[in-house]
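Visitor: Have a look at this one before I ask anything.
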Amino acid sequence: MAYLLNTDADQQAMLREIGAASIEELLDSIPAELRLQRPLELPPALGEMELAALVERLAAANVSTQQAVCFLGAGAYDHFVPAVVDFVAARSEFYTAYTPYQPEASQGTLQAMFEYQTLITQLTGLDVSNASLYDGASAMAEAVLMALSAEPGRSEVIVAESVHPEYRQVLAAYLANIDVEIHTVPTPNGAVELASLGQIVCQRTACVVVQHPNFFGCLEDVQAVADFAHQAGAALVQVFDPISLGVLRRPGQLGADIAVAEGQCLGNHLSFGGPYLGILACREQFLRRMPGRLVGQTTDRTGRRCWVLTLQTREQHIRREKATSNICTNQGLMALRASIYLALMGPQGLREVANLCLQKTRYALDQITRTGRWQAAFQRPVFKEFVIRRPGQDMEALVSAAAKEGLFAGVPLGRWFPELADGLLVAVTEKRTKADIDRWAALLAE
């Protein structure tokens with residue numbers, strides 16, 4: 001991004017245009033106790049060459065997946081991004097039109113959103129998709145709000161403990177000031193125990209939330225969970241991994257009413273944590289309860305195909321009192337990258353990536369557990385991720401030591417699950433080679 005210098009003369013010209021005597025006057029509306037009362041501890045000004053060298057030194061302190069082999073997961077994954085995704089998404093028409101506040105003036109952006117929605121409905125097997133949300137966690141929370149608004153007499157949400165713990169924290173924050181009770185179903189064996197679920201679901205339940213593959217990488221019996229939910233008149237919300245749908249059945253086929261996901265794995269780089277995009281698709285009955293934007297296809301007065309924002313149930317619009325959500329933008333650029341990736345890969349390409357993840361995950365788990373020093377935490381089928389345990393092992397120390405050897409070994413689970421303080425969550429994507437996995441297993445065996 002270009003650096004544009006504002007001189008003192010530039011600042012004075014802008015202040016005159018605004019009608020303010022000084023920059024301090026612009027800040028008068030901020031209460032004094034909230035304003036910084038001390039001088040900023042900044043070094044003397046640097047020339048451009050010296051400043052560039054300083055920033056490069058600071059950036060070099062970061063260790064990325066280009067310098068280390070990555071077995072990290074827990075919602076963000078080191079998948080391969082084809083060069084064409086970067087090339088097409090970097091075109092100025094897409095790169096600058098990040099979100100269309102005057103949408104009808106940007107047919108190209110609307111068409112890209114429409115194509116994204118089409119691809120997501122094909123991927124999930126559901127009727128409709130919106131034009132993306134902020135991330136997977138907020139998408140899950142919005143799905144729960146949709147289910148609650150569809151059944152206003154119901155005031156209970158059931159969430160499996162195997163759903164990403166940070167997604168559950170976001171949901172709790174969304175519902176903190178709403179008279180809704182959240183029940184968490186324990187998953188001591190790595191997945192929902194149907195007997196326990198059957199005792200909790202009742203006529204007060206608005207929805208049941210399950211993740212498949214779940215946070216531990218284990219596969220859930222989504223169809224059975226859906227049956228329990230539907231028998232009580234509740235909706236099923238499924239959190240899914242888009243890559244897994246190359247080999248697993250689609251949410252719509254498993255009985256999900258609303259399906260949500262983090263779309264980072266679809267052509268988006270890890271980027272030190274974002275920006276990412278939230279995927280949300282649902283059955284047609286929930287259409288008018290969807291947050292964000294929905295793009296539709298129509299024809300103009302000359303008969304040419306064109307696109308419009310069909311629904312924009314946002315608080316910024318004229319009927320804001322009827323808004324379904326305060327989501328006021330969408331991750332348009334990230335959704336575009338997901339569209340390019342899905343169109344490029346096609347069903348066969350997605351299947352190949354998913355199969356590689358599946359096979360390499362199995363190989364990694366076998367390699368680390370064959371000596372008996374490490375054990376699989378759960379005896380269940382897994383996809384792309386799994387949990388291993390070693391009693392007495394300080395996982396934080398292990399991860400730190402592995403990083404010094406150029407390996408991101410996994411994610412310690414103690415911060416979320418005290419009972420799994422000796423557990424490590426490991427992700428294996430198609431990028432990991434046999435040599436990578438063997439080296440990782442040998443290091444952990446030591």
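Simple scheme: letters A, B, ... for chains in structure tokens order, numbers from 1 for residues in each chain, numbers from 1 for ligands in the order shown.
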Please extract the residues of range 233-431 of chain A with a backbone DSSP assignment of strand (DSSP E or B) and present them as a PyMOL selection string.
Guide: chain A and resi 235-240+258-262+278-282+293-299+305-312+314+325+375-376+382+385-389+407-408+411-412+423-427
Visitor: Set out as a tab-separated table a contact list for range 159-224 of chain A and range 387-404 of chain A with a cut-off of 12 Å, giving each residue of range 159-224 of chain A that qualifies its closest atom pair and distance in Å to one decimal, counting only C-alpha atoms, ordered by chain and rising residue number.
Guide:
```
residue	atom	partner	partner_atom	distance
A:Asn189	CA	A:Val387	CA	11.5
A:Gly190	CA	A:Val387	CA	9.3
A:Asn214	CA	A:Val387	CA	11.4
A:Phe215	CA	A:Val387	CA	9.6
A:Phe216	CA	A:Val387	CA	6.1
A:Gly217	CA	A:Val387	CA	7.6
A:Cys218	CA	A:Val387	CA	9.1
```
Visitor: Using the selection just defined, write its residues with N, CA and C atoms as a CSV table (one decimal), in the first residue's frame.
Guide:
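What landed in result.csv:
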```
chain,number,residue,atom,x,y,z
A,189,ASN,N,-15.9,-38.9,25.2
A,189,ASN,CA,-15.3,-39.9,24.3
A,189,ASN,C,-15.0,-39.3,22.9
A,190,GLY,N,-15.0,-37.9,22.8
A,190,GLY,CA,-14.6,-37.3,21.6
A,190,GLY,C,-15.8,-36.9,20.7
A,214,ASN,N,-15.5,-32.7,14.2
A,214,ASN,CA,-15.6,-31.8,15.3
A,214,ASN,C,-14.2,-31.2,15.6
A,215,PHE,N,-14.2,-30.4,16.7
A,215,PHE,CA,-12.9,-29.7,17.1
A,215,PHE,C,-11.8,-30.7,17.3
A,216,PHE,N,-12.1,-31.9,17.7
A,216,PHE,CA,-11.0,-32.9,17.9
A,216,PHE,C,-10.7,-33.7,16.7
A,217,GLY,N,-11.4,-33.4,15.6
A,217,GLY,CA,-11.1,-34.1,14.3
A,217,GLY,C,-12.0,-35.3,14.2
A,218,CYS,N,-12.8,-35.6,15.2
A,218,CYS,CA,-13.6,-36.9,15.2
A,218,CYS,C,-14.9,-36.6,14.4
```
Visitor: Name the residues in contact with range 281-298 of chain A at a cut-off of 6 Å, using only C-alpha atoms, excluding same-chain residues fewer than 3 positions from it; report them as an MDAnalysis selection string.
Guide: chainID A and resid 114 126:131 146 257:259 305:312 324:325 327
Visitor: So how many Å separate CA of Gln117 in chain A and CA of Ser92 in chain A, to one decimal?
Guide: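 For CA of Gln117 in chain A relative to CA of Ser92 in chain A, the distance reads 22.0 Å.
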Visitor: Which residues, written as a CSV table (one decimal) with C-alpha atoms, in the first residue's frame, have at least one atom at most 12 Å from Ala83 in chain A, with only C-alpha atoms counted and residues fewer than 5 positions away on the same chain left out?
Guide:
```csv
chain,number,residue,atom,x,y,z
A,88,VAL,CA,-7.4,-13.3,-10.2
A,89,ALA,CA,-8.3,-11.9,-6.7
A,90,ALA,CA,-5.5,-9.3,-7.1
A,267,GLY,CA,-8.1,-20.5,-1.2
A,268,ASN,CA,-7.3,-18.1,1.7
A,269,HIS,CA,-3.8,-17.9,3.2
A,337,ARG,CA,-11.1,-16.2,-3.3
A,340,ILE,CA,-12.1,-19.0,-7.5
A,341,TYR,CA,-10.7,-22.0,-5.5
A,344,LEU,CA,-10.8,-24.2,-10.1
```
